[in-house]
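What follows is the content of input27.txt, which has compact mmCIF, C-alpha atoms (C1' of nucleotides):
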# COMPACT_ATOMS: atom_id res chain seq x y z
CA MET A 814 104.70 134.42 145.37
CA VAL A 815 107.71 133.07 147.10
CA ARG A 816 107.19 130.61 149.91
CA ASN A 817 109.61 130.39 152.71
CA TYR A 818 110.65 126.88 153.65
CA PRO A 819 112.22 126.16 157.03
CA GLU A 820 114.93 124.08 155.43
CA ILE A 821 115.16 122.57 151.99
CA SER A 822 116.37 119.04 152.58
CA VAL A 823 114.97 115.56 152.14
CA CYS A 824 116.08 114.92 155.70
CA ASN A 825 113.58 117.45 156.93
CA ALA A 826 110.17 115.86 157.41
CA GLN A 827 108.43 119.17 156.78
CA CYS A 828 110.17 119.80 153.48
CA PRO A 829 107.92 119.31 150.46
CA SER A 830 110.76 117.55 148.71
CA ARG A 831 109.75 114.62 150.85
CA GLN A 832 106.39 114.57 149.12
CA VAL A 833 108.08 114.62 145.77
CA LEU A 834 110.34 111.80 146.80
CA ASP A 835 107.36 109.90 148.16
CA LEU A 836 105.82 110.15 144.76
CA ILE A 837 108.72 108.36 143.17
CA ALA A 838 108.88 105.88 145.99
CA ASP A 839 106.17 103.52 144.89
CA LYS A 840 106.25 100.38 142.88
CA TRP A 841 105.49 101.70 139.41
CA THR A 842 106.17 105.43 139.01
CA ALA A 843 109.83 105.15 138.14
CA ILE A 844 109.16 102.42 135.61
CA VAL A 845 106.36 104.32 133.92
CA ILE A 846 108.49 107.43 133.53
CA TYR A 847 111.36 105.32 132.28
CA CYS A 848 109.05 103.84 129.69
CA LEU A 849 107.71 107.22 128.56
CA SER A 850 111.22 108.58 128.29
CA LYS A 851 111.48 106.57 125.10
CA GLY A 852 108.64 108.52 123.56
CA THR A 853 104.89 109.03 123.50
CA LYS A 854 102.94 105.88 124.23
CA ARG A 855 99.34 104.78 124.20
CA TYR A 856 97.70 103.33 127.26
CA SER A 857 97.73 99.81 125.88
CA GLU A 858 101.34 100.12 124.78
CA LEU A 859 102.38 101.01 128.30
CA GLN A 860 100.43 98.12 129.70
CA ARG A 861 102.03 95.74 127.26
CA GLU A 862 105.57 96.98 127.80
CA ILE A 863 105.48 97.16 131.57
CA GLY A 864 105.39 93.57 132.69
CA GLY A 865 103.10 92.79 135.59
CA ILE A 866 101.31 96.10 136.02
CA SER A 867 97.56 96.00 136.56
CA GLN A 868 95.10 98.33 134.86
CA LYS A 869 94.28 99.90 138.16
CA MET A 870 97.87 100.68 139.00
CA LEU A 871 98.72 101.93 135.53
CA THR A 872 95.78 104.33 135.50
CA GLN A 873 96.43 105.43 139.06
CA THR A 874 100.12 106.04 138.42
CA LEU A 875 99.43 107.98 135.24
CA ARG A 876 96.80 110.16 136.94
CA SER A 877 99.14 110.93 139.76
CA LEU A 878 101.92 111.86 137.37
CA GLU A 879 99.51 114.00 135.39
CA ARG A 880 98.48 115.83 138.53
CA ASP A 881 102.10 116.56 139.31
CA GLY A 882 102.67 117.98 135.87
CA ILE A 883 105.10 115.28 134.89
CA VAL A 884 102.97 113.49 132.33
CA SER A 885 100.51 114.93 129.85
CA ARG A 886 97.45 113.12 128.62
CA MET A 887 96.18 113.57 125.08
CA VAL A 888 92.72 112.25 124.30
CA TYR A 889 91.68 111.81 120.68
CA PRO A 890 87.91 111.86 120.17
CA VAL A 891 87.69 108.73 118.09
CA VAL A 892 86.02 105.37 118.39
CA PRO A 893 87.43 103.26 119.83
CA PRO A 894 89.09 105.71 122.23
CA MET A 895 92.73 106.57 121.82
CA VAL A 896 94.80 108.20 124.55
CA GLU A 897 98.43 109.13 124.29
CA TYR A 898 100.74 109.78 127.20
CA SER A 899 103.98 111.69 127.08
CA LEU A 900 106.35 113.50 129.39
CA THR A 901 105.93 117.23 129.93
CA PRO A 902 108.97 119.50 129.86
CA LEU A 903 109.06 119.16 133.64
CA GLY A 904 108.86 115.41 133.24
CA GLU A 905 111.77 115.47 130.81
CA THR A 906 114.00 116.90 133.50
CA LEU A 907 113.33 113.77 135.51
CA ILE A 908 114.62 111.44 132.83
CA GLU A 909 118.28 111.81 133.53
CA PRO A 910 118.30 111.21 137.29
CA LEU A 911 115.74 108.45 136.95
CA CYS A 912 117.43 106.69 134.08
CA GLN A 913 120.68 106.76 135.97
CA LEU A 914 118.95 104.99 138.79
CA CYS A 915 117.47 102.37 136.47
CA LYS A 916 120.83 101.91 134.83
CA TRP A 917 122.35 101.44 138.25
CA ALA A 918 119.77 98.80 139.04
CA GLU A 919 120.43 97.02 135.77
CA THR A 920 124.19 97.24 136.13
CA HIS A 921 124.65 96.22 139.75
CA ILE A 922 122.33 93.25 139.90
CA PRO A 923 125.12 90.69 140.30
CA GLU A 924 126.83 92.57 143.11
CA VAL A 925 123.63 92.96 145.07
CA GLU A 926 122.68 89.34 144.56
CA ALA A 927 126.12 88.24 145.69
CA ALA A 928 125.91 90.42 148.78
CA ARG A 929 122.53 88.99 149.65
CA ASN A 930 123.77 85.43 149.35
CA ARG A 931 126.74 86.22 151.52
CA TYR A 932 124.57 87.87 154.15
CA ASP A 933 121.99 85.10 154.20
CA ARG A 934 124.63 82.41 154.49
CA LYS A 935 126.16 84.14 157.49
CA LEU A 936 122.88 84.05 159.34
CA LEU A 937 122.76 80.24 159.39
CA MET B 87 129.59 82.28 137.06
CA VAL B 88 127.64 84.23 134.53
CA ARG B 89 123.89 84.09 134.71
CA ASN B 90 121.81 84.49 131.66
CA TYR B 91 118.89 86.87 132.02
CA PRO B 92 116.00 86.79 129.56
CA GLU B 93 116.17 90.54 129.14
CA ILE B 94 117.84 93.17 131.25
CA SER B 95 115.29 95.92 131.62
CA VAL B 96 113.27 97.40 134.44
CA CYS B 97 110.25 96.97 132.20
CA ASN B 98 110.65 93.23 132.40
CA ALA B 99 108.90 91.83 135.47
CA GLN B 100 111.32 88.92 135.64
CA CYS B 101 114.41 91.09 135.59
CA PRO B 102 116.18 91.28 138.95
CA SER B 103 116.71 94.97 138.40
CA ARG B 104 113.10 95.23 139.44
CA GLN B 105 114.02 93.87 142.84
CA VAL B 106 116.79 96.38 143.13
CA LEU B 107 114.44 99.17 142.17
CA ASP B 108 111.89 97.88 144.65
CA LEU B 109 114.51 98.23 147.31
CA ILE B 110 114.89 101.92 146.64
CA ALA B 111 111.16 102.36 146.25
CA ASP B 112 110.18 102.58 149.87
CA LYS B 113 109.71 105.50 152.15
CA TRP B 114 113.12 105.70 153.81
CA THR B 115 115.88 103.97 151.84
CA ALA B 116 116.75 106.87 149.58
CA ILE B 117 116.85 109.28 152.48
CA VAL B 118 119.07 107.05 154.60
CA ILE B 119 121.56 106.62 151.79
CA TYR B 120 121.48 110.33 151.13
CA CYS B 121 122.27 110.93 154.77
CA LEU B 122 125.12 108.45 154.83
CA SER B 123 126.58 109.95 151.68
CA LYS B 124 127.74 112.80 153.87
CA GLY B 125 129.88 110.45 155.92
CA THR B 126 129.86 107.76 158.58
CA LYS B 127 127.08 108.17 161.09
CA ARG B 128 126.04 106.57 164.35
CA TYR B 129 122.59 105.08 164.78
CA SER B 130 121.40 107.92 166.96
CA GLU B 131 122.81 110.53 164.60
CA LEU B 132 120.82 109.07 161.75
CA GLN B 133 117.70 109.03 163.84
CA ARG B 134 118.18 112.63 164.82
CA GLU B 135 118.94 113.87 161.33
CA ILE B 136 116.18 112.04 159.54
CA GLY B 137 113.02 113.72 160.64
CA GLY B 138 110.08 111.49 161.35
CA ILE B 139 111.69 108.08 161.07
CA SER B 140 110.83 105.52 163.73
CA GLN B 141 113.37 103.23 165.38
CA LYS B 142 111.77 100.25 163.75
CA MET B 143 111.99 101.68 160.27
CA LEU B 144 115.52 102.96 160.71
CA THR B 145 116.77 99.58 161.89
CA GLN B 146 114.82 97.73 159.23
CA THR B 147 116.08 99.97 156.46
CA LEU B 148 119.68 99.72 157.63
CA ARG B 149 119.51 95.92 157.88
CA SER B 150 118.09 95.68 154.41
CA LEU B 151 120.80 97.94 153.03
CA GLU B 152 123.43 95.92 154.85
CA ARG B 153 122.10 92.73 153.34
CA ASP B 154 122.33 94.24 149.89
CA GLY B 155 125.93 95.23 150.44
CA ILE B 156 125.20 98.93 150.26
CA VAL B 157 125.80 99.82 153.89
CA SER B 158 128.34 98.43 156.30
CA ARG B 159 127.80 98.17 160.03
CA MET B 160 130.64 98.63 162.46
CA VAL B 161 130.06 97.60 166.05
CA TYR B 162 132.43 98.82 168.74
CA PRO B 163 132.51 96.63 171.84
CA VAL B 164 132.06 99.39 174.35
CA VAL B 165 129.54 100.31 176.98
CA PRO B 166 127.22 101.91 176.17
CA PRO B 167 127.14 100.35 172.71
CA MET B 168 128.33 102.30 169.72
CA VAL B 169 127.51 101.37 166.15
CA GLU B 170 128.65 103.21 163.08
CA TYR B 171 127.10 103.00 159.66
CA SER B 172 128.74 103.91 156.39
CA LEU B 173 128.38 103.28 152.71
CA THR B 174 130.30 100.43 151.12
CA PRO B 175 132.13 100.96 147.83
CA LEU B 176 129.03 99.57 146.12
CA GLY B 177 126.92 101.97 148.12
CA GLU B 178 129.12 104.87 147.03
CA THR B 179 128.22 104.21 143.42
CA LEU B 180 124.60 104.87 144.36
CA ILE B 181 125.30 108.34 145.67
CA GLU B 182 125.38 110.14 142.38
CA PRO B 183 122.14 108.86 140.86
CA LEU B 184 120.37 109.11 144.19
CA CYS B 185 121.60 112.58 145.02
CA GLN B 186 120.54 113.77 141.62
CA LEU B 187 117.07 112.52 142.39
CA CYS B 188 117.04 114.26 145.77
CA LYS B 189 118.32 117.42 144.19
CA TRP B 190 115.57 117.17 141.62
CA ALA B 191 113.01 116.83 144.39
CA GLU B 192 114.44 119.82 146.22
CA THR B 193 114.69 121.93 143.09
CA HIS B 194 111.33 121.27 141.48
CA ILE B 195 109.06 121.58 144.48
CA PRO B 196 107.40 124.79 143.31
CA GLU B 197 106.63 123.48 139.84
CA VAL B 198 105.08 120.30 141.17
CA GLU B 199 103.05 122.20 143.73
CA ALA B 200 101.83 124.60 141.07
CA ALA B 201 100.86 121.71 138.79
CA ARG B 202 98.94 120.08 141.59
CA ASN B 203 97.02 123.24 142.36
CA ARG B 204 96.18 123.69 138.70
CA TYR B 205 95.01 120.10 138.39
CA ASP B 206 92.93 120.16 141.55
CA ARG B 207 91.25 123.42 140.58
CA LYS B 208 90.24 121.99 137.23
CA LEU B 209 88.44 119.12 138.88
CA LEU B 210 85.91 121.38 140.65
C1' DC C 1320 90.42 100.66 123.63
C1' DT C 1321 90.55 103.08 127.85
C1' DG C 1322 89.15 103.23 131.47
C1' DT C 1323 85.86 102.79 136.57
C1' DA C 1324 84.07 100.36 140.45
C1' DT C 1325 84.45 96.79 144.04
C1' DC C 1326 86.22 93.62 146.77
C1' DC C 1327 89.96 91.63 149.18
C1' DT C 1328 94.66 90.76 151.07
C1' DG C 1329 99.29 91.55 152.56
C1' DT C 1330 102.14 94.41 154.43
C1' DA C 1331 104.43 98.90 155.21
C1' DG C 1332 105.10 101.36 158.86
C1' DG C 1333 103.72 104.02 163.30
C1' DA C 1334 103.28 103.80 168.59
C1' DT C 1335 104.65 101.88 172.59
C1' DA C 1336 107.11 99.14 175.85
C1' DC C 1337 111.02 96.56 177.06
C1' DT C 1338 116.40 94.88 177.08
C1' DG C 1339 121.68 94.06 177.18
C1' DC D 339 123.00 103.69 173.16
C1' DA D 340 121.22 100.61 169.99
C1' DG D 341 118.37 98.01 169.36
C1' DT D 342 113.94 93.90 169.86
C1' DA D 343 109.17 92.63 170.41
C1' DT D 344 104.27 93.46 169.88
C1' DC D 345 100.28 95.39 168.56
C1' DC D 346 97.61 97.87 165.35
C1' DT D 347 95.96 100.44 161.24
C1' DA D 348 95.91 102.44 156.82
C1' DC D 349 96.55 101.76 152.49
C1' DA D 350 99.15 99.82 148.38
C1' DG D 351 98.00 97.06 145.06
C1' DG D 352 96.07 92.63 142.77
C1' DA D 353 91.84 90.26 140.69
C1' DT D 354 87.66 90.62 138.66
C1' DA D 355 83.69 92.57 136.54
C1' DC D 356 81.64 96.08 134.08
C1' DA D 357 81.01 100.63 131.01
C1' DG D 358 81.25 104.31 127.27
Render the structure in this file as structure tokens.
Amino acid sequence: MVRNYPEISVCNAQCPSRQVLDLIADKWTAIVIYCLSKGTKRYSELQREIGGISQKMLTQTLRSLERDGIVSRMVYPVVPPMVEYSLTPLGETLIEPLCQLCKWAETHIPEVEAARNRYDRKLL
Amino acid sequence: MVRNYPEISVCNAQCPSRQVLDLIADKWTAIVIYCLSKGTKRYSELQREIGGISQKMLTQTLRSLERDGIVSRMVYPVVPPMVEYSLTPLGETLIEPLCQLCKWAETHIPEVEAARNRYDRKLL
DNA sequence: CTGTATCCTGTAGGATACTG
DNA sequence: CAGTATCCTACAGGATACAG
């Protein structure tokens, strides 16, 4: 089945790409994917590696990503429970654009901070 | 001046790259930048092209981007007022990673929608 | 260990009206 | 035209406690 979209563009409010972008546009999604891009991780590993995330948000983010087919969840029937998370093939295709964004963030910190200081000083 | 960061990584809650990522991680920022990547635009043009954005959010997003040195604001002293927005050189460096993300969103809509349907059906 | 269930708060962000 | 100012609401997201 082929659906017919009025116009494929993030600028178009009706375009589903907006929903996809919305998914990325929360506090944790990008970071979780970034973390999983380095390989399969257990729940507790993710929690440990991602500084500041709450259980609720980690679970919620992972569920959402699972629903979207970006993350797969592997449950091992052992005691105590063990659950592994990894990126799906679809999820893998997100690594490059997302990592570029994270790299950008990591690389351009000083410039942004400088710009902010300049701007704030002007306002006085 | 060179600042010394404990560890440069988006996974680190103390890393300023988190702040930068937070900036992108709202509903409109990515879309506004995407729009400006196609050239200088007036306020009203942006509002017209970006479906669903309110005046408040457009102004707020633009101010924030200006503060971060990503967008520059050019005011022409005419009546009625005319204000042009464009990307700064720093802002230009964001185009590629951001556009890749938008492209991803536009390209992978069907897969994500399919995954969601699959997931939701399983839950019944 | 991997979650769920609640409660609670701040704030993102929409709607509307007004201004130089 | 390019914004402010205000009001209002939904919901993101943290803290805490509990469960299988």
Output, as lines of an AutoDock Vina configuration file, the centre and edge lengths in Å (one decimal) of the axis-aligned box that contains all listed atoms of region 890-901 of chain A with 4 Å of margin on each side.
center_x = 96.2
center_y = 110.2
center_z = 124.0
size_x = 28.3
size_y = 22.0
size_z = 19.8
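Of note, C1' of DT347 (chain D) and CA of Ile119 (chain B) are spaced 28.0 Å apart.
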### Query
Mind listing as a ChimeraX atom specification which residues of chain A are within 7 Å of chain B, counting all atoms listed in the file?
/A:821-826,829-830,833-835,838-840,844,862-865,880-882,910-911,913-915,918-919,922,925,928-929,932
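Distance annotation: of C:DC1326, C:DA1331, C:DA1336, C:DC1320, the residue with the minimal separation from chain B is C:DA1331; atom set is only C-alpha atoms (C1' of nucleotides).
The gap separating CA of Pro890 (chain A) from CA of Ser867 (chain A) is 24.8 Å, in Å to one decimal.
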### Task
Could you list, as a list in words, the residues of chain B having an atom within 10 Å of chain D when counting only C-alpha atoms (C1' of nucleotides)?
Arg128, Tyr129, Ser130, Gln141, Lys142, Thr145, Val165, Pro166, Pro167, Met168 and Val169 of chain B
Compile the residues of chain C that lie within 10 Å of chain B, evaluated using all atoms listed in the file, and express the compilation as a CSV table (one decimal) with C-alpha atoms (C1' of nucleotides), keeping the file's coordinate frame.
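Contents of the output file out15.csv:
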chain,number,residue,atom,x,y,z
C,1331,DA,C1',104.4,98.9,155.2
C,1332,DG,C1',105.1,101.4,158.9
C,1333,DG,C1',103.7,104.0,163.3
C,1334,DA,C1',103.3,103.8,168.6
C,1339,DG,C1',121.7,94.1,177.2
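For the atom pair formed by CA of Lys854 (chain A) and CA of Ser899 (chain A), the distance is 6.6 Å, given to one decimal.
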